[in-house]
>>> print(open('entry36.cif').read())   # mmCIF, C-alpha atoms and all ligand atoms
data_target
loop_
_atom_site.label_atom_id
_atom_site.label_comp_id
_atom_site.auth_asym_id
_atom_site.auth_seq_id
_atom_site.Cartn_x
_atom_site.Cartn_y
_atom_site.Cartn_z
CA GLN K 1 4.09 -33.39 -4.98
CA THR K 2 5.29 -35.44 -1.96
CA GLY K 3 2.93 -36.78 0.68
CA ALA K 4 0.50 -34.22 2.08
CA PHE K 5 2.28 -31.17 0.68
CA THR K 6 2.39 -29.61 -2.77
CA TYR K 7 4.93 -26.86 -3.43
CA ASP K 8 3.43 -23.74 -4.99
CA PRO K 9 6.16 -21.08 -5.40
CA GLY K 10 3.64 -18.27 -5.31
CA PHE K 11 1.23 -19.74 -2.74
CA THR K 12 -1.58 -18.39 -4.89
CA SER K 13 -3.47 -21.68 -5.14
CA THR K 14 -3.63 -22.44 -1.39
CA ALA K 15 -6.12 -20.32 0.54
CA SER K 16 -4.46 -18.95 3.68
CA CYS K 17 -7.68 -17.78 5.31
CA GLN K 18 -11.37 -16.97 4.88
CA SER K 19 -12.30 -13.32 4.49
CA ALA K 20 -15.41 -11.28 3.66
CA LEU K 21 -13.67 -7.98 3.00
CA THR K 22 -12.35 -8.03 -0.56
CA TYR K 23 -12.97 -10.22 -3.60
CA ILE K 24 -10.65 -10.32 -6.62
CA ASP K 25 -11.31 -12.16 -9.89
CA GLY K 26 -7.85 -11.96 -11.46
CA ASP K 27 -8.93 -13.35 -14.82
CA GLU K 28 -11.80 -10.89 -15.20
CA GLY K 29 -10.05 -7.94 -13.55
CA VAL K 30 -12.75 -7.60 -10.88
CA LEU K 31 -12.14 -6.02 -7.43
CA LEU K 32 -15.00 -5.74 -4.92
CA HIS K 33 -14.91 -4.35 -1.37
CA ARG K 34 -17.75 -5.93 0.65
CA GLY K 35 -19.45 -6.50 -2.73
CA TYR K 36 -19.03 -2.96 -4.13
CA PRO K 37 -16.94 -2.60 -7.35
CA ILE K 38 -13.79 -0.54 -6.88
CA GLY K 39 -14.74 1.69 -9.83
CA GLU K 40 -18.05 2.70 -8.19
CA LEU K 41 -16.39 3.33 -4.83
CA ALA K 42 -13.58 5.37 -6.42
CA GLU K 43 -16.11 7.43 -8.36
CA ASN K 44 -18.74 8.00 -5.70
CA SER K 45 -17.41 7.52 -2.17
CA SER K 46 -14.75 8.96 0.14
CA PHE K 47 -11.79 7.20 1.71
CA MET K 48 -13.37 7.48 5.18
CA GLU K 49 -16.59 5.95 3.79
CA VAL K 50 -14.59 3.03 2.37
CA ALA K 51 -12.71 2.71 5.67
CA TYR K 52 -16.07 2.44 7.49
CA LEU K 53 -17.28 -0.11 4.90
CA LEU K 54 -14.19 -2.30 5.27
CA LEU K 55 -14.29 -2.15 9.07
CA ASN K 56 -18.05 -2.58 9.55
CA GLY K 57 -19.29 -4.42 6.44
CA GLU K 58 -21.83 -1.81 5.27
CA LEU K 59 -21.67 1.68 3.79
CA PRO K 60 -22.40 4.19 6.60
CA SER K 61 -25.50 6.38 6.86
CA ALA K 62 -24.81 10.13 6.92
CA ASP K 63 -24.92 10.11 10.75
CA GLU K 64 -22.69 7.03 10.99
CA LEU K 65 -20.15 8.62 8.63
CA SER K 66 -20.20 11.88 10.56
CA GLY K 67 -19.67 10.03 13.84
CA PHE K 68 -16.83 7.97 12.33
CA ASN K 69 -15.12 11.08 10.98
CA THR K 70 -15.38 12.75 14.38
CA THR K 71 -13.95 9.69 16.13
CA ILE K 72 -11.03 9.44 13.72
CA THR K 73 -10.17 13.15 13.88
CA ARG K 74 -10.06 12.91 17.70
CA HIS K 75 -7.04 10.58 17.35
CA THR K 76 -5.02 12.47 14.72
CA MET K 77 -2.41 13.89 17.11
CA VAL K 78 0.57 11.77 18.19
CA HIS K 79 2.24 11.71 21.61
CA GLU K 80 4.70 14.62 21.86
CA GLN K 81 7.52 12.21 22.74
CA LEU K 82 6.95 10.48 19.42
CA ALA K 83 8.02 13.70 17.68
CA ALA K 84 11.33 13.40 19.54
CA PHE K 85 11.65 9.84 18.18
CA PHE K 86 12.18 11.28 14.68
CA ARG K 87 15.33 13.07 15.86
CA GLY K 88 17.11 9.71 15.97
CA PHE K 89 16.95 9.33 12.19
CA ARG K 90 19.37 10.81 9.65
CA ARG K 91 17.67 13.51 7.59
CA ASP K 92 18.29 11.46 4.45
CA ALA K 93 16.67 8.32 5.90
CA HIS K 94 14.15 6.78 3.47
CA PRO K 95 10.67 7.77 4.72
CA MET K 96 9.64 4.11 4.68
CA ALA K 97 12.47 3.35 7.13
CA ILE K 98 11.09 6.09 9.37
CA MET K 99 7.54 4.69 9.01
CA CYS K 100 8.70 1.21 10.04
CA GLY K 101 10.41 2.65 13.12
CA VAL K 102 7.86 5.19 14.25
CA VAL K 103 4.74 3.04 13.69
CA GLY K 104 6.47 0.19 15.50
CA ALA K 105 7.28 2.64 18.31
CA LEU K 106 3.54 3.30 18.75
CA SER K 107 3.49 -0.12 20.47
CA ALA K 108 5.56 1.52 23.24
CA PHE K 109 2.79 4.08 23.76
CA TYR K 110 -1.00 3.77 24.08
CA HIS K 111 -0.96 0.84 26.50
CA ASP K 112 -4.73 1.30 26.94
CA SER K 113 -5.37 -0.14 23.45
CA THR K 114 -3.23 -3.26 23.18
CA ASP K 115 -5.42 -5.91 24.84
CA ILE K 116 -6.55 -7.69 21.68
CA HIS K 117 -9.22 -9.64 23.61
CA ASP K 118 -10.96 -6.43 24.69
CA PRO K 119 -13.29 -5.20 21.89
CA VAL K 120 -13.16 -1.63 23.17
CA GLN K 121 -9.35 -1.61 23.14
CA ARG K 122 -9.30 -3.23 19.68
CA THR K 123 -11.58 -0.47 18.38
CA ILE K 124 -9.47 2.28 19.94
CA ALA K 125 -6.26 0.76 18.50
CA SER K 126 -7.93 0.54 15.06
CA HIS K 127 -9.07 4.15 15.16
CA ARG K 128 -5.70 5.35 16.46
CA LEU K 129 -3.84 3.61 13.63
CA ILE K 130 -6.13 4.97 10.89
CA ALA K 131 -6.02 8.46 12.40
CA LYS K 132 -2.32 8.71 13.20
CA ILE K 133 -0.81 7.20 10.07
CA PRO K 134 -1.35 10.39 7.97
CA THR K 135 0.17 12.50 10.76
CA ILE K 136 3.23 10.23 10.96
CA ALA K 137 3.52 10.09 7.15
CA ALA K 138 3.46 13.89 6.94
CA MET K 139 6.01 14.10 9.77
CA ALA K 140 8.30 11.69 7.89
CA TYR K 141 8.16 14.00 4.87
CA LYS K 142 8.67 17.17 6.92
CA TYR K 143 11.64 15.61 8.72
CA SER K 144 13.24 14.66 5.37
CA VAL K 145 12.96 18.22 4.04
CA GLY K 146 13.96 19.92 7.30
CA GLN K 147 10.66 21.73 7.83
CA PRO K 148 8.77 21.92 11.15
CA PHE K 149 5.97 19.44 11.88
CA LEU K 150 2.44 20.84 11.60
CA TYR K 151 -0.23 19.72 14.04
CA PRO K 152 -3.42 18.27 12.51
CA ASP K 153 -6.29 20.70 11.77
CA ASN K 154 -9.41 18.70 12.50
CA SER K 155 -11.65 21.19 10.73
CA LEU K 156 -10.30 19.68 7.48
CA SER K 157 -11.20 16.36 5.85
CA TYR K 158 -9.01 13.32 6.48
CA THR K 159 -7.19 13.83 3.18
CA GLY K 160 -7.18 17.64 3.36
CA ASN K 161 -5.64 17.39 6.84
CA PHE K 162 -2.89 15.17 5.46
CA LEU K 163 -2.14 17.49 2.52
CA ARG K 164 -1.91 20.50 4.84
CA MET K 165 0.37 18.69 7.33
CA THR K 166 2.57 17.67 4.38
CA PHE K 167 2.75 20.79 2.24
CA GLY K 168 1.71 23.56 4.68
CA VAL K 169 4.22 25.67 6.63
CA PRO K 170 3.66 27.68 9.87
CA ALA K 171 4.69 30.90 8.11
CA GLU K 172 1.62 31.10 5.89
CA PRO K 173 -1.93 29.75 5.51
CA TYR K 174 -2.38 26.61 3.39
CA GLU K 175 -5.37 26.30 1.05
CA VAL K 176 -6.34 22.70 0.24
CA ASN K 177 -6.89 22.42 -3.54
CA PRO K 178 -10.28 20.60 -3.73
CA ALA K 179 -9.40 18.83 -7.00
CA VAL K 180 -6.09 17.59 -5.56
CA ALA K 181 -7.78 16.48 -2.32
CA LYS K 182 -10.42 14.62 -4.37
CA ALA K 183 -7.74 12.89 -6.47
CA MET K 184 -5.68 12.03 -3.37
CA ASP K 185 -8.76 10.64 -1.61
CA ARG K 186 -9.50 8.50 -4.67
CA ILE K 187 -5.90 7.23 -4.74
CA PHE K 188 -6.27 6.24 -1.07
CA ILE K 189 -9.48 4.35 -1.96
CA LEU K 190 -7.65 2.48 -4.73
CA HIS K 191 -4.96 1.36 -2.27
CA ALA K 192 -7.18 0.62 0.74
CA ASP K 193 -7.29 -3.18 0.64
CA HIS K 194 -6.46 -5.98 -1.75
CA GLU K 195 -7.27 -9.39 -0.29
CA GLN K 196 -4.34 -11.46 1.01
CA ASN K 197 -1.39 -9.66 -0.64
CA ALA K 198 2.07 -10.05 0.88
CA SER K 199 1.85 -7.19 3.38
CA THR K 200 -1.68 -8.03 4.49
CA SER K 201 -0.65 -11.65 4.98
CA THR K 202 2.29 -10.36 7.04
CA VAL K 203 -0.05 -8.35 9.27
CA ARG K 204 -2.35 -11.37 9.69
CA LEU K 205 0.55 -13.72 10.48
CA ALA K 206 2.05 -11.30 13.02
CA GLY K 207 -1.39 -10.69 14.53
CA SER K 208 -2.15 -14.41 14.77
CA SER K 209 0.43 -14.70 17.58
CA GLY K 210 -1.43 -12.05 19.58
CA ALA K 211 1.24 -9.40 18.97
CA ASN K 212 0.67 -5.72 19.71
CA PRO K 213 -1.56 -4.29 16.91
CA PHE K 214 0.79 -1.35 16.30
CA ALA K 215 3.75 -3.72 15.86
CA CYS K 216 1.69 -5.83 13.41
CA ILE K 217 1.05 -2.80 11.19
CA ALA K 218 4.77 -1.95 11.33
CA ALA K 219 5.46 -5.46 10.02
CA GLY K 220 3.05 -4.83 7.13
CA ILE K 221 4.85 -1.55 6.33
CA ALA K 222 8.19 -3.37 6.19
CA CYS K 223 6.80 -5.95 3.73
CA LEU K 224 5.05 -3.35 1.56
CA TRP K 225 8.36 -1.49 1.07
CA GLY K 226 9.75 -4.12 -1.31
CA PRO K 227 9.92 -3.13 -5.03
CA ALA K 228 7.99 -6.28 -6.00
CA HIS K 229 5.09 -5.00 -3.86
CA GLY K 230 4.27 -1.46 -2.73
CA GLY K 231 7.74 -0.17 -3.57
CA ALA K 232 6.83 -0.61 -7.25
CA ASN K 233 5.19 2.82 -7.49
CA GLU K 234 8.51 4.51 -6.65
CA ALA K 235 10.36 2.10 -8.97
CA ALA K 236 7.86 2.63 -11.81
CA LEU K 237 8.36 6.41 -11.90
CA ASN K 238 12.13 5.98 -11.64
CA MET K 239 11.88 3.57 -14.58
CA LEU K 240 9.85 6.08 -16.63
CA ARG K 241 12.45 8.75 -15.85
CA GLU K 242 15.22 6.36 -16.98
CA ILE K 243 13.35 5.59 -20.20
CA GLY K 244 12.75 9.31 -20.74
CA THR K 245 11.34 9.54 -24.25
CA PRO K 246 9.06 7.09 -26.10
CA GLU K 247 11.88 6.38 -28.60
CA ARG K 248 13.74 4.43 -25.89
CA ILE K 249 10.77 2.20 -24.93
CA PRO K 250 11.65 -0.74 -27.26
CA GLU K 251 15.07 -1.04 -25.59
CA PHE K 252 13.42 -1.44 -22.17
CA ILE K 253 10.74 -3.83 -23.41
CA ALA K 254 13.52 -5.99 -24.87
CA ARG K 255 15.34 -5.95 -21.51
CA ALA K 256 12.12 -6.89 -19.67
CA LYS K 257 11.78 -9.95 -21.94
CA ASP K 258 15.42 -11.00 -21.57
CA LYS K 259 15.63 -13.80 -18.98
CA ASN K 260 19.30 -12.96 -18.42
CA ASP K 261 18.40 -9.41 -17.47
CA PRO K 262 16.88 -8.97 -13.98
CA PHE K 263 15.06 -5.83 -15.24
CA ARG K 264 11.29 -6.02 -15.14
CA LEU K 265 8.76 -3.41 -16.25
CA MET K 266 7.83 -1.85 -12.91
CA GLY K 267 4.10 -1.32 -12.52
CA PHE K 268 3.41 -4.27 -14.82
CA GLY K 269 2.28 -7.79 -13.95
CA HIS K 270 0.56 -9.16 -10.88
CA ARG K 271 0.39 -12.33 -8.77
CA VAL K 272 -3.40 -12.49 -9.24
CA TYR K 273 -4.53 -10.18 -12.04
CA LYS K 274 -4.11 -11.80 -15.45
CA ASN K 275 -6.18 -8.99 -16.88
CA TYR K 276 -6.15 -5.22 -16.52
CA ASP K 277 -5.94 -4.14 -12.85
CA PRO K 278 -9.20 -2.18 -12.43
CA ARG K 279 -7.36 0.25 -10.18
CA ALA K 280 -4.96 1.16 -13.00
CA THR K 281 -7.94 2.14 -15.16
CA VAL K 282 -9.13 4.65 -12.55
CA MET K 283 -5.58 5.82 -11.92
CA GLN K 284 -4.97 6.60 -15.61
CA LYS K 285 -8.17 8.68 -15.73
CA THR K 286 -7.13 10.53 -12.57
CA VAL K 287 -3.82 11.63 -14.16
CA ARG K 288 -5.68 13.89 -16.58
CA GLU K 289 -7.91 15.32 -13.83
CA VAL K 290 -4.87 16.27 -11.72
CA PHE K 291 -2.98 17.69 -14.71
CA ASP K 292 -6.02 19.85 -15.59
CA ALA K 293 -6.53 20.96 -11.96
CA LEU K 294 -2.88 21.91 -11.52
CA LYS K 295 -2.47 23.12 -15.11
CA VAL K 296 0.60 20.94 -15.48
CA ASN K 297 1.68 18.39 -18.01
CA ASP K 298 4.34 15.76 -17.51
CA PRO K 299 5.74 14.20 -20.72
CA LEU K 300 6.37 11.04 -18.67
CA PHE K 301 2.62 10.42 -18.82
CA ASP K 302 2.87 10.23 -22.61
CA THR K 303 5.82 7.87 -22.21
CA ALA K 304 3.75 5.73 -19.81
CA LEU K 305 0.79 5.64 -22.23
CA ARG K 306 3.07 4.66 -25.12
CA LEU K 307 4.83 2.02 -23.00
CA GLU K 308 1.47 0.49 -22.10
CA GLU K 309 0.41 0.52 -25.77
CA LEU K 310 3.62 -1.17 -26.98
CA ALA K 311 3.75 -3.71 -24.13
CA LEU K 312 0.10 -4.72 -24.56
CA SER K 313 0.72 -5.37 -28.26
CA ASP K 314 3.86 -7.45 -27.59
CA ASP K 315 3.48 -11.25 -27.75
CA TYR K 316 5.58 -11.79 -24.58
CA PHE K 317 3.30 -9.60 -22.45
CA ILE K 318 0.16 -10.94 -24.11
CA GLU K 319 1.19 -14.56 -23.60
CA LYS K 320 2.22 -14.01 -19.97
CA LYS K 321 -0.89 -11.85 -19.35
CA LEU K 322 1.08 -8.90 -18.04
CA PHE K 323 -0.96 -5.72 -17.68
CA PRO K 324 -0.40 -2.39 -15.90
CA ASN K 325 -1.15 -2.62 -12.18
CA VAL K 326 -2.09 -0.05 -9.57
CA ASP K 327 1.51 1.18 -9.37
CA PHE K 328 2.03 2.02 -13.04
CA TYR K 329 0.36 5.45 -13.22
CA SER K 330 0.25 6.45 -9.54
CA GLY K 331 3.75 7.95 -9.55
CA VAL K 332 2.93 10.38 -12.38
CA ILE K 333 0.02 11.77 -10.35
CA LEU K 334 1.86 11.89 -7.02
CA SER K 335 4.83 13.62 -8.64
CA ALA K 336 2.50 16.23 -10.21
CA ILE K 337 0.96 16.89 -6.77
CA GLY K 338 4.46 17.51 -5.38
CA PHE K 339 5.49 14.31 -3.59
CA PRO K 340 9.08 13.09 -4.04
CA THR K 341 9.36 9.46 -5.25
CA GLU K 342 10.54 8.33 -1.79
CA MET K 343 7.09 9.25 -0.40
CA PHE K 344 5.11 7.16 -2.90
CA THR K 345 5.20 3.91 -0.91
CA VAL K 346 4.51 5.86 2.30
CA LEU K 347 1.23 6.99 0.68
CA PHE K 348 0.48 3.38 -0.25
CA ALA K 349 1.10 2.36 3.38
CA LEU K 350 -1.08 5.24 4.63
CA ALA K 351 -4.03 3.99 2.59
CA ARG K 352 -3.39 0.28 3.11
CA THR K 353 -3.41 0.77 6.90
CA VAL K 354 -7.21 0.81 6.60
CA GLY K 355 -7.15 -2.62 4.93
CA TRP K 356 -4.52 -4.02 7.28
CA VAL K 357 -6.56 -2.86 10.33
CA ALA K 358 -9.81 -4.28 8.89
CA GLN K 359 -8.11 -7.60 8.04
CA TRP K 360 -6.45 -7.75 11.48
CA ASN K 361 -9.83 -7.21 13.17
CA GLU K 362 -11.43 -9.91 11.02
CA MET K 363 -8.64 -12.35 11.89
CA ILE K 364 -8.49 -11.56 15.62
CA THR K 365 -12.27 -11.88 16.07
CA ASP K 366 -12.49 -15.21 14.22
CA PRO K 367 -13.45 -17.74 16.95
CA ASP K 368 -11.57 -20.47 15.09
CA GLN K 369 -8.43 -18.36 14.66
CA LYS K 370 -5.14 -20.11 15.49
CA ILE K 371 -1.55 -18.94 15.24
CA GLY K 372 -0.38 -19.00 11.62
CA ARG K 373 2.06 -21.79 10.86
CA PRO K 374 2.91 -22.24 7.12
CA ARG K 375 4.49 -25.62 6.39
CA GLN K 376 7.32 -26.42 3.94
CA LEU K 377 8.45 -29.06 1.48
CA TYR K 378 11.68 -30.34 3.10
CA THR K 379 14.53 -30.72 0.56
CA GLY K 380 17.49 -31.17 2.93
CA PRO K 381 19.48 -34.33 3.87
CA THR K 382 17.81 -37.37 5.43
CA GLN K 383 18.67 -38.09 9.10
CA ARG K 384 22.39 -38.75 9.78
CA SER K 385 24.71 -39.04 12.85
CA TYR K 386 27.04 -36.41 14.29
CA VAL K 387 30.72 -36.60 13.22
CA PRO K 388 33.33 -35.21 15.69
CA VAL K 389 35.31 -32.30 14.26
CA GLY K 390 38.58 -34.31 14.26
CA GLN K 391 37.03 -36.84 11.87
CA ARG K 392 35.59 -34.37 9.29
C1 LIG K 401 1.36 -4.77 -5.85
O1 LIG K 401 -0.64 -9.03 -4.34
C2 LIG K 401 -1.22 -7.88 -4.43
O2 LIG K 401 -2.42 -7.76 -4.43
C3 LIG K 401 -0.23 -6.70 -4.54
C4 LIG K 401 -0.87 -5.33 -4.82
C5 LIG K 401 -1.69 -4.85 -3.66
O3 LIG K 401 -2.58 -4.02 -3.87
O4 LIG K 401 -1.39 -5.27 -2.52
O5 LIG K 401 -1.66 -5.41 -5.97
C6 LIG K 401 0.21 -4.27 -5.03
O6 LIG K 401 2.30 -5.25 -5.28
C7 LIG K 401 1.26 -4.74 -7.34
C8 LIG K 401 2.53 -5.37 -8.03
C9 LIG K 401 3.61 -4.27 -8.00
N1 LIG K 401 4.89 -4.84 -8.46
C10 LIG K 401 5.40 -4.48 -9.66
O7 LIG K 401 4.82 -3.78 -10.49
C11 LIG K 401 6.81 -4.98 -9.89
C12 LIG K 401 6.94 -5.50 -11.33
N2 LIG K 401 6.10 -6.71 -11.41
C13 LIG K 401 6.68 -7.89 -11.04
O8 LIG K 401 7.88 -7.99 -10.46
C14 LIG K 401 5.76 -9.09 -11.06
O9 LIG K 401 4.82 -8.93 -12.03
C15 LIG K 401 5.12 -9.46 -9.76
C16 LIG K 401 6.12 -9.52 -8.65
C17 LIG K 401 4.07 -8.47 -9.40
C18 LIG K 401 4.55 -10.81 -9.97
O10 LIG K 401 5.66 -11.62 -10.33
P1 LIG K 401 5.44 -13.13 -10.68
O11 LIG K 401 4.83 -13.83 -9.53
O12 LIG K 401 6.69 -13.72 -11.25
O13 LIG K 401 4.35 -13.00 -11.86
P2 LIG K 401 3.92 -14.10 -12.80
O14 LIG K 401 4.05 -15.46 -12.18
O15 LIG K 401 2.58 -13.69 -13.31
O16 LIG K 401 5.01 -13.99 -13.99
C19 LIG K 401 4.74 -14.68 -15.19
C20 LIG K 401 5.93 -14.45 -16.08
C21 LIG K 401 7.26 -14.77 -15.39
O17 LIG K 401 8.14 -15.19 -16.42
P3 LIG K 401 8.35 -16.81 -16.58
O18 LIG K 401 8.86 -17.32 -15.26
O19 LIG K 401 6.98 -17.38 -16.95
O20 LIG K 401 9.37 -16.92 -17.71
O21 LIG K 401 6.01 -13.05 -16.43
C22 LIG K 401 7.25 -12.53 -16.01
C23 LIG K 401 7.78 -13.44 -14.92
O22 LIG K 401 9.20 -13.40 -14.88
N3 LIG K 401 6.98 -11.19 -15.48
C24 LIG K 401 7.49 -10.06 -15.96
C25 LIG K 401 6.94 -9.03 -15.19
N4 LIG K 401 6.13 -9.55 -14.28
C26 LIG K 401 6.14 -10.90 -14.46
N5 LIG K 401 8.37 -9.83 -16.96
C27 LIG K 401 8.68 -8.52 -17.19
N6 LIG K 401 8.19 -7.46 -16.50
C28 LIG K 401 7.32 -7.70 -15.49
N7 LIG K 401 6.85 -6.68 -14.79
#
>>> encode(input="entry36.cif", output="structure tokens", more="lines below")
Ligand code: SDX
Amino acid sequence: QTGAFTYDPGFTSTASCQSALTYIDGDEGVLLHRGYPIGELAENSSFMEVAYLLLNGELPSADELSGFNTTITRHTMVHEQLAAFFRGFRRDAHPMAIMCGVVGALSAFYHDSTDIHDPVQRTIASHRLIAKIPTIAAMAYKYSVGQPFLYPDNSLSYTGNFLRMTFGVPAEPYEVNPAVAKAMDRIFILHADHEQNASTSTVRLAGSSGANPFACIAAGIACLWGPAHGGANEAALNMLREIGTPERIPEFIARAKDKNDPFRLMGFGHRVYKNYDPRATVMQKTVREVFDALKVNDPLFDTALRLEELALSDDYFIEKKLFPNVDFYSGVILSAIGFPTEMFTVLFALARTVGWVAQWNEMITDPDQKIGRPRQLYTGPTQRSYVPVGQR
């Protein structure tokens, strides 16, 4: 504590902004979007309904939802030259690297929706981002597996369209599995927004300078990629694969507790939740639904359940209030649906684009909004005079 500043390594105790979108009570494990509990939204609504709620503040009527869906589907195609942009990447490029590049490149197109002071242009930019992110995500996957891009089919739902663009091929018709589409839509709802997490704060900070909205979302994608944040879903499944069987769990729990070992249990712990992440509860239930729908079973799910059981009965995890978070079970589901681990964070970014766009709009329309300017606690030398190189 020196003067006006206190140093909080996690910046969790200093509010960075006011927001009406999402409320989290980390101690109670509560997550509300515009007042609605995440469990009720995941159970009863659709991702497009939640997108409308986050953007507009209220759940849509049937007509409002239909109009919103129509508007979004009208923007699902990307500029043909953007498809050429992919050719610059190596085939083995990580899809998140491609997402950073291609979404950032959107700021070089669509010049009619970059004036952030024009409400019409802001709305068009918002709709374009929500609509095009699944198309770009599917293109990133197709490019990595050497298959042709599929154009959107706007007769399908938002999530069905994404599944077809990802797993469909021109050579044969693609049938969207309703149970998989429902599970995928629910997973998107669980990832839609989460208050002022690192990537959302990045989008807000970039947007506070008046930067191009497409470039701001690209900045959020870059931040989300880190394994401490959205990259944890990919890391969590890789960790479960490394653990393999339940017999090896104690070895990994011991490593996670060892301060000299940088290993942490991926998918466990949270900056805010000191209780069970309510999203993880829904995610664990969804695993069984997807396994039943696809008539598959992945022994890694049993390993995950056993790991949770042993960790939650271990004094270290109890004392430090470390619980499974949204990333712990998501990989088991996404792998069962057919996504490679490299696509997991892309799916997180796809869903979180709705939250980033809603948070960006809230920030940019705040009449008191100023450019973000975090301060620091200076720990360097006090003032001193220059010494010529010959005297050093
Ligand atoms: C997301 O912010 C958001 O809202 C993010 C997110 C969203 O929707 O946007 O919820 C998405 O990013 C979820 C988190 C995904 N990340 C992981 O699962 C990676 C594994 N978890 C961690 O690396 C960690 O838990 C963090 C990064 C999430 C939080 O780390 P902190 O800030 O160190 O957590 P903490 O202060 O609560 O840690 C308390 C103690 C520390 O030990 P001490 O310094 O007290 O000795 O617990 C330890 C930590 O070292 N600890 C862990 C651990 N997480 C924290 N030890 C072992 N395994 C872990 N996973």
>>> closest_residue(input="entry36.cif", among="K:Phe47, K:Pro278, K:Lys285, K:Met96", to="K:Ala181", atoms="only C-alpha atoms")
K:Phe47
>>> closest_residue(input="entry36.cif", among="K:Phe317, K:Phe162, K:Phe214, K:Trp360", to="K:Lys142", atoms="all atoms listed in the file")
K:Phe162
>>> residues_near_point(input="entry36.cif", point="(-6.0, 11.9, -16.0)", cutoff="12 Å", atoms="all atoms listed in the file", output="number ranges by chain")
K: 179-180, 183, 280-298, 301-302, 305, 329-330, 332-334, 336
>>> write_last_selection(input="entry36.cif", atoms="C-alpha atoms", output="CSV table (one decimal), keeping the file's coordinate frame")
chain,number,residue,atom,x,y,z
K,179,ALA,CA,-9.4,18.8,-7.0
K,180,VAL,CA,-6.1,17.6,-5.6
K,183,ALA,CA,-7.7,12.9,-6.5
K,280,ALA,CA,-5.0,1.2,-13.0
K,281,THR,CA,-7.9,2.1,-15.2
K,282,VAL,CA,-9.1,4.6,-12.6
K,283,MET,CA,-5.6,5.8,-11.9
K,284,GLN,CA,-5.0,6.6,-15.6
K,285,LYS,CA,-8.2,8.7,-15.7
K,286,THR,CA,-7.1,10.5,-12.6
K,287,VAL,CA,-3.8,11.6,-14.2
K,288,ARG,CA,-5.7,13.9,-16.6
K,289,GLU,CA,-7.9,15.3,-13.8
K,290,VAL,CA,-4.9,16.3,-11.7
K,291,PHE,CA,-3.0,17.7,-14.7
K,292,ASP,CA,-6.0,19.8,-15.6
K,293,ALA,CA,-6.5,21.0,-12.0
K,294,LEU,CA,-2.9,21.9,-11.5
K,295,LYS,CA,-2.5,23.1,-15.1
K,296,VAL,CA,0.6,20.9,-15.5
K,297,ASN,CA,1.7,18.4,-18.0
K,298,ASP,CA,4.3,15.8,-17.5
K,301,PHE,CA,2.6,10.4,-18.8
K,302,ASP,CA,2.9,10.2,-22.6
K,305,LEU,CA,0.8,5.6,-22.2
K,329,TYR,CA,0.4,5.4,-13.2
K,330,SER,CA,0.2,6.4,-9.5
K,332,VAL,CA,2.9,10.4,-12.4
K,333,ILE,CA,0.0,11.8,-10.4
K,334,LEU,CA,1.9,11.9,-7.0
K,336,ALA,CA,2.5,16.2,-10.2
>>> closest_residue(input="entry36.cif", among="K:Ala351, K:Val389, K:Ala97, K:Ala358", to="ligand LIG 401 (chain K)", atoms="only C-alpha atoms and all ligand atoms")
K:Ala351
>>> residues_around(input="entry36.cif", residues="K:Gly331", least_positions_apart="6", cutoff="8 Å", atoms="only C-alpha atoms", output="ChimeraX atom specification")
/K:233-234,236-237,341,344
>>> closest_atom_pairs(input="entry36.cif", of="stretch 47-109 of chain K", to="stretch 15-27 of chain K", cutoff="10 Å", atoms="all atoms listed in the file", output="Markdown table")
| residue | atom | partner | partner_atom | distance |
| --- | --- | --- | --- | --- |
| K:Leu53 | CA | K:Leu21 | CA | 8.9 |
| K:Leu54 | CA | K:Leu21 | CA | 6.1 |
| K:Leu55 | CA | K:Leu21 | CA | 8.4 |
| K:Asn56 | CA | K:Leu21 | CA | 9.6 |
| K:Gly57 | CA | K:Leu21 | CA | 7.5 |
>>> residues_around(input="entry36.cif", residues="stretch 115-117 of chain K", least_positions_apart="5", cutoff="9 Å", atoms="all atoms listed in the file", output="PyMOL selection string")
chain K and resi 122+210-213+364-365
>>> write_last_selection(input="entry36.cif", atoms="C-alpha atoms", output="mmCIF file, in the frame of the given file")
data_model
loop_
_atom_site.group_PDB
_atom_site.id
_atom_site.type_symbol
_atom_site.label_atom_id
_atom_site.label_comp_id
_atom_site.auth_asym_id
_atom_site.auth_seq_id
_atom_site.Cartn_x
_atom_site.Cartn_y
_atom_site.Cartn_z
ATOM 1 C CA ARG K 122 -9.300 -3.230 19.680
ATOM 2 C CA GLY K 210 -1.430 -12.050 19.580
ATOM 3 C CA ALA K 211 1.240 -9.400 18.970
ATOM 4 C CA ASN K 212 0.670 -5.720 19.710
ATOM 5 C CA PRO K 213 -1.560 -4.290 16.910
ATOM 6 C CA ILE K 364 -8.490 -11.560 15.620
ATOM 7 C CA THR K 365 -12.270 -11.880 16.070
#
>>> closest_residue(input="entry36.cif", among="K:Gly267, K:Pro37, K:Gly160, K:Gly67", to="ligand LIG 401 (chain K)", atoms="all atoms listed in the file")
K:Gly267
>>> atom_distance(input="entry36.cif", atom1="atom CA of K:Gln196", atom2="atom CA of K:Leu163")
29.1 Å
>>> closest_residue(input="entry36.cif", among="K:Asn177, K:Thr345, K:Thr166, K:Asn44", to="ligand LIG 401 (chain K)", atoms="all atoms listed in the file")
K:Thr345
